[in-house]
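Structure below is run-v3.txt: compact mmCIF, C-alpha atoms.
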# COMPACT_ATOMS: atom_id res chain seq x y z
CA MET Z 108 77.05 59.17 108.71
CA ASN Z 109 76.29 55.64 109.90
CA LEU Z 110 77.71 52.84 107.78
CA LEU Z 111 77.05 49.12 107.90
CA PHE Z 112 80.06 47.19 106.62
CA ALA Z 113 79.23 43.59 105.72
CA GLU Z 114 82.44 41.63 105.11
CA ASP Z 115 83.58 38.20 106.30
CA ASP Z 116 87.28 39.07 106.18
CA ALA Z 117 88.01 40.48 109.63
CA LEU Z 118 91.25 42.17 108.56
CA LEU Z 119 89.61 44.02 105.68
CA ALA Z 120 86.80 45.06 108.00
CA GLN Z 121 89.24 46.38 110.60
CA LEU Z 122 91.15 48.33 108.00
CA PHE Z 123 87.97 49.89 106.63
CA MET Z 124 86.74 50.76 110.11
CA LEU Z 125 90.02 52.47 111.00
CA GLN Z 126 90.02 54.51 107.81
CA ALA Z 127 86.35 55.44 108.00
CA GLN Z 128 86.35 56.24 111.71
CA SER Z 129 89.42 58.46 111.33
CA VAL Z 130 87.37 60.82 109.17
CA GLY Z 131 84.27 60.71 111.36
CA TYR Z 132 82.12 57.91 109.98
CA GLN Z 133 80.41 55.53 112.40
CA VAL Z 134 80.86 51.94 111.27
CA PHE Z 135 79.13 48.77 112.37
CA TRP Z 136 80.71 45.54 111.17
CA ALA Z 137 78.55 42.57 110.11
CA GLU Z 138 80.55 39.41 109.44
CA ASN Z 139 78.02 37.70 107.18
CA GLY Z 140 74.88 38.37 105.14
CA ASP Z 141 72.55 37.07 107.85
CA ILE Z 142 73.80 39.61 110.40
CA ALA Z 143 73.79 42.29 107.70
CA VAL Z 144 70.06 41.73 107.01
CA GLN Z 145 69.19 41.76 110.71
CA GLN Z 146 71.19 44.94 111.29
CA ALA Z 147 69.87 46.71 108.18
CA LEU Z 148 66.29 46.15 109.33
CA SER Z 149 67.00 48.39 112.34
CA TYR Z 150 66.99 51.28 109.80
CA GLN Z 151 69.87 52.96 111.63
CA PHE Z 152 72.27 53.05 108.72
CA ASP Z 153 72.60 55.62 105.97
CA LEU Z 154 74.55 53.29 103.73
CA ILE Z 155 75.44 49.59 103.50
CA PHE Z 156 78.66 48.17 102.08
CA MET Z 157 77.93 44.60 101.06
CA ASP Z 158 80.64 42.09 100.20
CA VAL Z 159 79.29 39.74 97.53
CA GLN Z 160 80.97 36.55 98.74
CA MET Z 161 80.06 35.87 102.35
CA PRO Z 162 79.20 32.75 104.38
CA VAL Z 163 75.71 31.91 105.72
CA LEU Z 164 74.05 34.33 103.30
CA ASP Z 165 75.91 35.89 100.37
CA GLY Z 166 75.78 39.60 99.68
CA ILE Z 167 73.56 39.38 96.59
CA SER Z 168 70.94 37.28 98.39
CA ALA Z 169 71.11 39.60 101.40
CA MET Z 170 70.57 42.65 99.16
CA GLN Z 171 67.71 40.94 97.32
CA MET Z 172 66.03 39.96 100.59
CA LEU Z 173 66.28 43.54 101.87
CA ARG Z 174 64.90 44.98 98.63
CA GLN Z 175 62.03 42.49 98.72
CA LEU Z 176 61.22 43.71 102.23
CA GLY Z 177 61.05 47.28 100.96
CA TYR Z 178 64.48 48.41 102.16
CA ASP Z 179 65.08 51.51 100.02
CA ARG Z 180 68.33 52.90 101.39
CA PRO Z 181 71.58 52.74 99.39
CA ILE Z 182 73.52 49.46 99.20
CA ILE Z 183 77.00 49.31 97.66
CA ALA Z 184 78.39 46.01 96.38
CA MET Z 185 82.03 45.08 96.91
CA SER Z 186 83.55 42.37 94.76
CA ALA Z 187 86.66 41.38 92.86
CA GLU Z 188 84.40 40.46 89.95
CA LYS Z 189 82.02 42.66 88.02
CA VAL Z 190 78.61 42.93 89.71
CA THR Z 191 75.62 43.51 87.47
CA ASP Z 192 72.75 42.51 89.76
CA ALA Z 193 69.88 44.96 89.94
CA GLY Z 194 69.28 46.40 93.40
CA PHE Z 195 72.73 47.75 94.21
CA ASP Z 196 73.22 51.51 94.02
CA LEU Z 197 76.88 51.16 93.17
CA ALA Z 198 79.50 48.46 92.79
CA LEU Z 199 83.07 48.89 94.00
CA THR Z 200 85.88 46.67 92.80
CA LYS Z 201 88.03 44.96 95.39
CA PRO Z 202 90.63 45.65 96.63
CA LEU Z 203 89.11 48.91 97.84
CA HIS Z 204 91.13 52.08 97.55
CA TRP Z 205 90.28 54.41 100.38
CA GLU Z 206 90.58 57.62 98.30
CA LEU Z 207 88.08 56.28 95.80
CA VAL Z 208 85.75 55.02 98.55
CA GLN Z 209 85.81 58.45 100.19
CA HIS Z 210 85.09 60.11 96.88
CA LYS Z 211 82.09 57.80 96.30
CA LEU Z 212 80.85 58.23 99.87
CA ALA Z 213 80.54 61.95 99.31
CA GLN Z 214 77.75 61.25 96.80
CA PHE Z 215 75.49 59.88 99.51
CA ASP Z 216 73.57 61.84 102.09
CA VAL Z 217 72.86 61.31 105.74
CA ILE Z 218 69.25 60.17 106.09
CA PRO Z 219 67.47 62.29 108.69
CA GLN Z 220 66.23 60.18 111.59
CA LEU Z 221 62.57 60.39 112.47
CA THR Z 222 61.32 60.19 116.02
CA LEU Z 223 58.53 57.93 117.10
CA GLU Z 224 55.70 59.93 118.62
CA ILE Z 225 54.75 58.63 122.04
CA PRO Z 226 51.78 60.55 123.46
CA PRO Z 227 52.52 61.28 127.17
CA GLU Z 228 49.29 59.64 128.37
CA LEU Z 229 50.16 56.48 126.46
CA LYS Z 230 53.67 56.47 127.89
CA ASN Z 231 52.30 56.87 131.42
CA ALA Z 232 49.78 54.10 130.88
CA TYR Z 233 52.54 51.85 129.57
CA ALA Z 234 54.80 52.71 132.55
CA ALA Z 235 51.99 51.66 134.88
CA HIS Z 236 51.67 48.45 132.87
CA VAL Z 237 55.40 47.74 133.34
CA GLU Z 238 55.15 48.24 137.09
CA GLN Z 239 52.15 45.94 137.21
CA SER Z 240 54.01 43.35 135.11
CA LEU Z 241 57.00 43.45 137.46
CA HIS Z 242 54.68 42.92 140.40
CA GLN Z 243 53.07 39.98 138.60
CA LEU Z 244 56.50 38.56 137.73
CA GLN Z 245 57.44 38.66 141.41
CA MET Z 246 54.36 36.64 142.34
CA LEU Z 247 54.94 34.13 139.54
CA ALA Z 248 58.57 33.72 140.58
CA ASP Z 249 57.52 33.19 144.20
CA SER Z 250 55.28 30.31 143.10
CA SER Z 251 57.72 29.00 140.43
CA GLN Z 252 55.22 29.44 137.56
CA TRP Z 253 57.97 29.74 134.99
CA ALA Z 254 55.93 29.37 131.80
CA ASP Z 255 53.79 32.40 132.66
CA PHE Z 256 56.88 34.19 133.93
CA SER Z 257 58.67 33.70 130.58
CA ALA Z 258 55.63 34.85 128.61
CA ILE Z 259 55.57 38.20 130.45
CA VAL Z 260 59.35 38.63 130.08
CA HIS Z 261 58.95 38.02 126.36
CA GLN Z 262 56.25 40.67 126.11
CA LEU Z 263 58.38 43.20 128.00
CA LYS Z 264 61.30 42.51 125.71
CA GLY Z 265 59.22 43.19 122.62
CA SER Z 266 57.36 46.25 123.82
CA ALA Z 267 59.41 48.24 126.37
CA GLY Z 268 61.89 49.56 123.80
CA SER Z 269 59.14 51.12 121.68
CA PHE Z 270 58.00 53.24 124.63
CA GLY Z 271 61.46 54.52 125.53
CA PHE Z 272 62.34 51.89 128.14
CA GLU Z 273 65.25 50.33 126.23
CA GLU Z 274 66.94 49.19 129.45
CA ILE Z 275 63.99 46.99 130.40
CA SER Z 276 63.95 45.50 126.89
CA GLN Z 277 67.67 44.72 127.12
CA LEU Z 278 67.38 43.16 130.57
CA ALA Z 279 64.49 41.00 129.37
CA ASP Z 280 66.51 39.98 126.31
CA GLN Z 281 69.50 39.00 128.45
CA LEU Z 282 67.26 36.97 130.74
CA GLN Z 283 65.64 35.19 127.78
CA GLN Z 284 69.00 34.28 126.29
CA THR Z 285 70.27 32.60 129.46
CA TRP Z 286 66.94 31.20 130.68
CA THR Z 287 66.91 27.89 128.78
CA THR Z 288 70.41 27.02 130.04
CA LEU Z 289 69.37 27.31 133.70
CA SER Z 290 68.42 24.44 135.99
CA GLU Z 291 65.23 24.62 138.07
CA GLN Z 292 67.35 25.42 141.13
CA GLN Z 293 69.04 28.36 139.41
CA LYS Z 294 65.87 30.02 138.15
CA PRO Z 295 64.65 31.75 141.35
CA ALA Z 296 67.97 33.56 141.87
CA ARG Z 297 68.17 34.65 138.23
CA ALA Z 298 64.55 35.87 138.36
CA THR Z 299 65.23 37.87 141.53
CA TYR Z 300 68.32 39.41 139.94
CA PHE Z 301 66.30 40.40 136.86
CA LEU Z 302 63.54 41.97 138.95
CA GLU Z 303 66.05 43.93 141.03
CA GLN Z 304 67.71 45.26 137.89
CA CYS Z 305 64.32 46.29 136.47
CA GLN Z 306 63.32 48.01 139.71
CA ALA Z 307 66.56 50.02 139.48
CA CYS Z 308 65.50 51.40 136.07
CA LYS Z 309 63.67 54.69 136.06
CA ILE Z 310 60.18 53.79 134.95
CA LYS Z 311 58.21 56.85 136.04
CA MET H 70 33.07 54.27 79.82
CA GLN H 71 33.03 54.86 83.50
CA ASN H 72 36.30 56.36 84.55
CA LYS H 73 35.38 57.87 87.88
CA ILE H 74 36.36 55.35 90.45
CA LYS H 75 35.38 55.97 94.02
CA VAL H 76 38.44 55.09 96.05
CA ARG H 77 37.37 53.72 99.39
CA ASP H 78 39.33 54.19 102.58
CA GLN H 79 42.25 51.88 102.99
CA ARG H 80 41.60 49.40 105.74
CA ILE H 81 44.35 48.64 108.20
CA LEU H 82 44.29 45.74 110.63
CA LEU H 83 46.65 45.82 113.62
CA VAL H 84 47.26 42.48 115.33
CA ASP H 85 49.20 42.48 118.61
CA ASP H 86 48.35 41.00 122.00
CA LEU H 87 49.35 44.19 123.77
CA ASP H 88 46.89 47.06 123.52
CA TYR H 89 49.64 49.66 124.10
CA ASN H 90 51.55 48.42 121.06
CA ARG H 91 48.50 48.78 118.85
CA GLN H 92 47.81 52.29 120.14
CA LEU H 93 51.42 53.32 119.58
CA LEU H 94 51.42 51.90 116.07
CA ARG H 95 48.12 53.49 115.14
CA HIS H 96 49.17 56.88 116.49
CA ASN H 97 52.40 56.81 114.50
CA LEU H 98 50.80 55.49 111.32
CA THR H 99 48.38 58.39 111.37
CA ALA H 100 51.20 60.86 112.06
CA LEU H 101 53.46 59.49 109.31
CA PHE H 102 50.68 59.33 106.73
CA SER H 103 49.89 63.00 107.28
CA GLN H 104 53.49 64.26 107.47
CA HIS H 105 54.92 62.49 104.49
CA ASN H 106 54.11 62.70 100.88
CA LEU H 107 52.19 59.45 100.63
CA LYS H 108 49.32 58.94 98.26
CA HIS H 109 47.00 57.05 100.54
CA LYS H 110 45.85 59.05 103.49
CA ALA H 111 42.34 57.96 104.39
CA PHE H 112 42.13 54.94 106.65
CA SER H 113 39.87 52.87 108.76
CA TYR H 114 41.59 50.98 111.55
CA PHE H 115 40.69 47.59 112.97
CA GLN H 116 42.40 45.82 115.80
CA ALA H 117 42.77 42.30 117.12
CA HIS H 118 44.54 41.00 120.22
CA ASN H 119 44.89 37.35 119.24
CA ALA H 120 44.85 34.99 116.25
CA ALA H 121 41.20 33.98 116.58
CA SER H 122 39.87 37.53 116.65
CA ALA H 123 42.32 38.56 113.90
CA LEU H 124 40.96 35.86 111.59
CA LEU H 125 37.39 36.92 112.25
CA THR H 126 38.11 40.63 111.71
CA PHE H 127 40.10 39.84 108.59
CA SER H 128 37.22 37.88 107.03
CA GLN H 129 34.74 40.63 107.82
CA GLN H 130 36.81 43.66 106.83
CA GLN H 131 39.14 42.35 104.10
CA PRO H 132 41.90 44.82 105.03
CA ASP H 133 44.45 46.18 102.53
CA LEU H 134 47.29 46.47 105.02
CA VAL H 135 47.97 44.29 108.07
CA PHE H 136 50.58 44.63 110.80
CA LEU H 137 50.81 41.13 112.22
CA ASP H 138 52.79 40.14 115.29
CA ILE H 139 54.48 36.76 114.81
CA GLU H 140 54.18 35.68 118.44
CA LEU H 141 50.51 35.64 119.37
CA PRO H 142 49.12 34.10 122.57
CA ASP H 143 46.91 31.60 120.74
CA GLY H 144 48.92 30.75 117.64
CA SER H 145 51.67 31.55 115.18
CA GLY H 146 51.46 34.70 113.11
CA ILE H 147 53.01 32.86 110.16
CA GLU H 148 50.11 30.38 110.05
CA LEU H 149 47.71 33.29 110.22
CA LEU H 150 49.59 35.04 107.42
CA LYS H 151 49.06 32.01 105.15
CA ARG H 152 45.32 32.09 105.80
CA PHE H 153 45.14 35.82 105.12
CA LYS H 154 46.93 35.40 101.79
CA GLN H 155 44.54 32.59 100.81
CA GLN H 156 41.55 34.80 101.48
CA LYS H 157 42.94 37.95 99.90
CA PRO H 158 46.12 37.35 97.87
CA ASP H 159 46.80 41.06 97.21
CA CYS H 160 46.70 41.95 100.91
CA PHE H 161 49.91 43.68 102.06
CA VAL H 162 51.00 41.97 105.25
CA VAL H 163 53.81 43.30 107.43
CA MET H 164 55.16 40.81 109.94
CA VAL H 165 56.22 42.26 113.28
CA SER H 166 58.62 40.42 115.57
CA GLY H 167 61.06 40.89 118.39
CA VAL H 168 63.21 38.17 116.81
CA SER H 169 64.80 39.08 113.48
CA THR H 170 66.52 35.76 112.80
CA LEU H 171 67.05 34.81 109.18
CA ASP H 172 64.73 31.82 109.66
CA ASN H 173 61.92 34.08 110.81
CA VAL H 174 62.43 36.49 107.91
CA LYS H 175 62.67 33.67 105.35
CA ALA H 176 59.59 31.88 106.68
CA SER H 177 57.66 35.16 106.52
CA ILE H 178 58.66 35.87 102.93
CA ALA H 179 57.89 32.27 101.92
CA ALA H 180 54.40 32.56 103.42
CA GLY H 181 53.70 35.74 101.48
CA ALA H 182 54.73 38.58 103.80
CA ALA H 183 55.46 41.87 102.04
CA SER H 184 57.66 43.25 104.78
CA PHE H 185 59.16 42.59 108.17
CA VAL H 186 59.45 45.03 111.08
CA VAL H 187 61.76 44.23 113.97
CA LYS H 188 60.61 45.42 117.39
CA PRO H 189 61.12 47.87 119.05
CA PHE H 190 59.16 50.14 116.71
CA SER H 191 60.87 53.18 115.26
CA ALA H 192 59.46 55.86 113.00
CA ASP H 193 62.03 55.04 110.30
CA LYS H 194 60.99 51.39 110.19
CA ILE H 195 57.31 52.25 109.95
CA LEU H 196 57.84 54.92 107.29
CA ALA H 197 59.87 52.51 105.13
CA VAL H 198 56.94 50.07 105.20
CA LEU H 199 54.42 52.79 104.34
CA LYS H 200 56.47 53.94 101.35
CA GLN H 201 56.69 50.34 100.21
CA PHE H 202 52.91 49.98 100.62
CA ASP H 203 52.39 53.15 98.56
CA ARG H 204 54.47 51.74 95.70
CA TYR H 205 52.77 48.36 95.98
CA PHE H 206 49.26 49.76 96.02
CA ASP H 207 49.94 51.84 92.93
CA LYS H 208 50.82 48.63 91.12
CA VAL H 209 47.73 46.79 92.37
CA VAL H 210 45.46 49.63 91.27
CA ASN H 211 47.15 49.94 87.88
CA THR H 212 46.92 46.22 87.17
CA ALA H 213 43.26 46.23 88.15
CA ASP H 214 42.47 49.01 85.63
Exercise: express the given structure as structure tokens:
Amino acid sequence: MNLLFAEDDALLAQLFMLQAQSVGYQVFWAENGDIAVQQALSYQFDLIFMDVQMPVLDGISAMQMLRQLGYDRPIIAMSAEKVTDAGFDLALTKPLHWELVQHKLAQFDVIPQLTLEIPPELKNAYAAHVEQSLHQLQMLADSSQWADFSAIVHQLKGSAGSFGFEEISQLADQLQQTWTTLSEQQKPARATYFLEQCQACKIK
Amino acid sequence: MQNKIKVRDQRILLVDDLDYNRQLLRHNLTALFSQHNLKHKAFSYFQAHNAASALLTFSQQQPDLVFLDIELPDGSGIELLKRFKQQKPDCFVVMVSGVSTLDNVKASIAAGAASFVVKPFSADKILAVLKQFDRYFDKVVNTAD
């Protein structure tokens, strides 16, 4: 079972992760409501534990935002005070007692994961598109046309993961994150490094 | 009293600059609609590759469900979303983005988005949206009665 544990207190989070992992649960820790919302939208979690008092975005607002966006998987509130807000499946009183948590966890089921259907001809066509894009990126890098270069990197980042090329998506994401911090002189080397890494990925 | 209402096909508009993304989405929408116990199964699909053509297709077809990429080559998806909601307030618009920052999500909700899908696409994300659309459309139909 995959759990998302949203809690700003790092010690509490570590304790929960140790206890949960020791009995076979996978836990991802989100340190505020903002990260919790972003993570929840990946739809990789069977259950969310949501601390009510958190910085950036509190747990109630995070839950309400998710519900508004149609998120229909279970969310458990954690608070020292009584929680009566609609939208939570359950409220646990802090401090948490692991025996009780385990007992409550048993009420929830693992949500079967669906697989995205990628027709082989579409995957092949997309693979050819990636190779063409890499070729184009090489030419743009050679002529220092960085605006067009960035636009194609952005497109690869957004699309490659959907077609099973997660590595390309990740490489594009890493490049995007560092790109704005680079000087004009640094860009060609970073671009070459990115293209070499992409070429090393199995595309066909 | 006339109580036989002819339910027309739901119209779906897919807006993304990359053709492969639209094909992938359409293929999986069709698959999920047929595999899962959803009420609405008959669809007509329309596609647009940029903001200008999306606006034109929207005005002509008045779709019920839109998957709208936030980053379009000729404009912002959020601005487009506002125009869609002006034209057809009950339209169910799903924003699609590679960037799931809180600002992006909040701006989408504020402009009238019903849901938000973070790229890369997964079947679980798409199914969650379709279930939400099913619930929403029931309400729209019931209120209209």
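Residues lying at most 9 Å from (47.2, 45.3, 108.6) in file coordinates, with all atoms listed in the file considered, are Arg80, Ile81, Leu82, Leu83, Val84, Tyr114, Phe115, Gln116, Phe127, Pro132, Asp133, Leu134, Val135, Phe136, Leu137, Cys160, Phe161, Val162 and Val163 of chain H.
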For this session: Find the residues of chain Z in contact range of chain H, meaning any atom within 8 Å when counting only C-alpha atoms, and list them as an NGL selection string.
Result: :Z and (141 or 144-145 or 148-150 or 175-179 or 220-225 or 229 or 233 or 264-269)
Problem set entry | Distance in Å - atom CA of Lys154 of chain H versus atom CA of Gln146 of chain Z |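 Going from atom CA of Lys154 of chain H over to atom CA of Gln146 of chain Z covers 27.7 Å.
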For this session: Can you work out the spacing between atom CA of Lys108 of chain H and atom CA of Asp207 of chain H in Å, to one decimal?
Result: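 According to the coordinates, atom CA of Lys108 of chain H and atom CA of Asp207 of chain H are separated by 8.9 Å.
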Problem set entry | Separation of atom CA of Gln277 of chain Z from atom CA of Met157 of chain Z in Å |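 Between atom CA of Met157 of chain Z and atom CA of Gln277 of chain Z the gap works out to 28.0 Å.
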For this session: Determine the nearest neighbour of Gly166 of chain Z from the options Z:Glu303, Z:Glu206, Z:Asp115, Z:Glu273, counting only C-alpha atoms.
Result: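 Between Z:Glu303, Z:Glu206, Z:Asp115, Z:Glu273, the residue approaching Gly166 of chain Z most closely is Z:Asp115.
With all atoms listed in the file as the atoms that count, the residue of H:Met164, H:Leu125, H:Ala111, H:Val209 with the shortest distance to Leu150 of chain H is H:Met164.
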Can you list, as a tab-separated table (two decimals) with C-alpha atoms, in the coordinates of the input, every protein, DNA or RNA residue that comes within 6 Å of Tyr132 of chain Z when you count all atoms listed in the file, leaving out same-chain residues fewer than 2 positions away?
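That gives us around30.tsv:
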chain	number	residue	atom	x	y	z
Z	108	MET	CA	77.05	59.17	108.71
Z	127	ALA	CA	86.35	55.44	108.00
Z	128	GLN	CA	86.35	56.24	111.71
Exercise. Smallest atom-to-atom distance to Leu118 of chain Z: which of Z:Leu302, Z:Glu138, Z:Ser186, Z:Gly131, using all atoms listed in the file?
Worked result: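 Between Z:Leu302, Z:Glu138, Z:Ser186, Z:Gly131, the residue approaching Leu118 of chain Z most closely is Z:Glu138.
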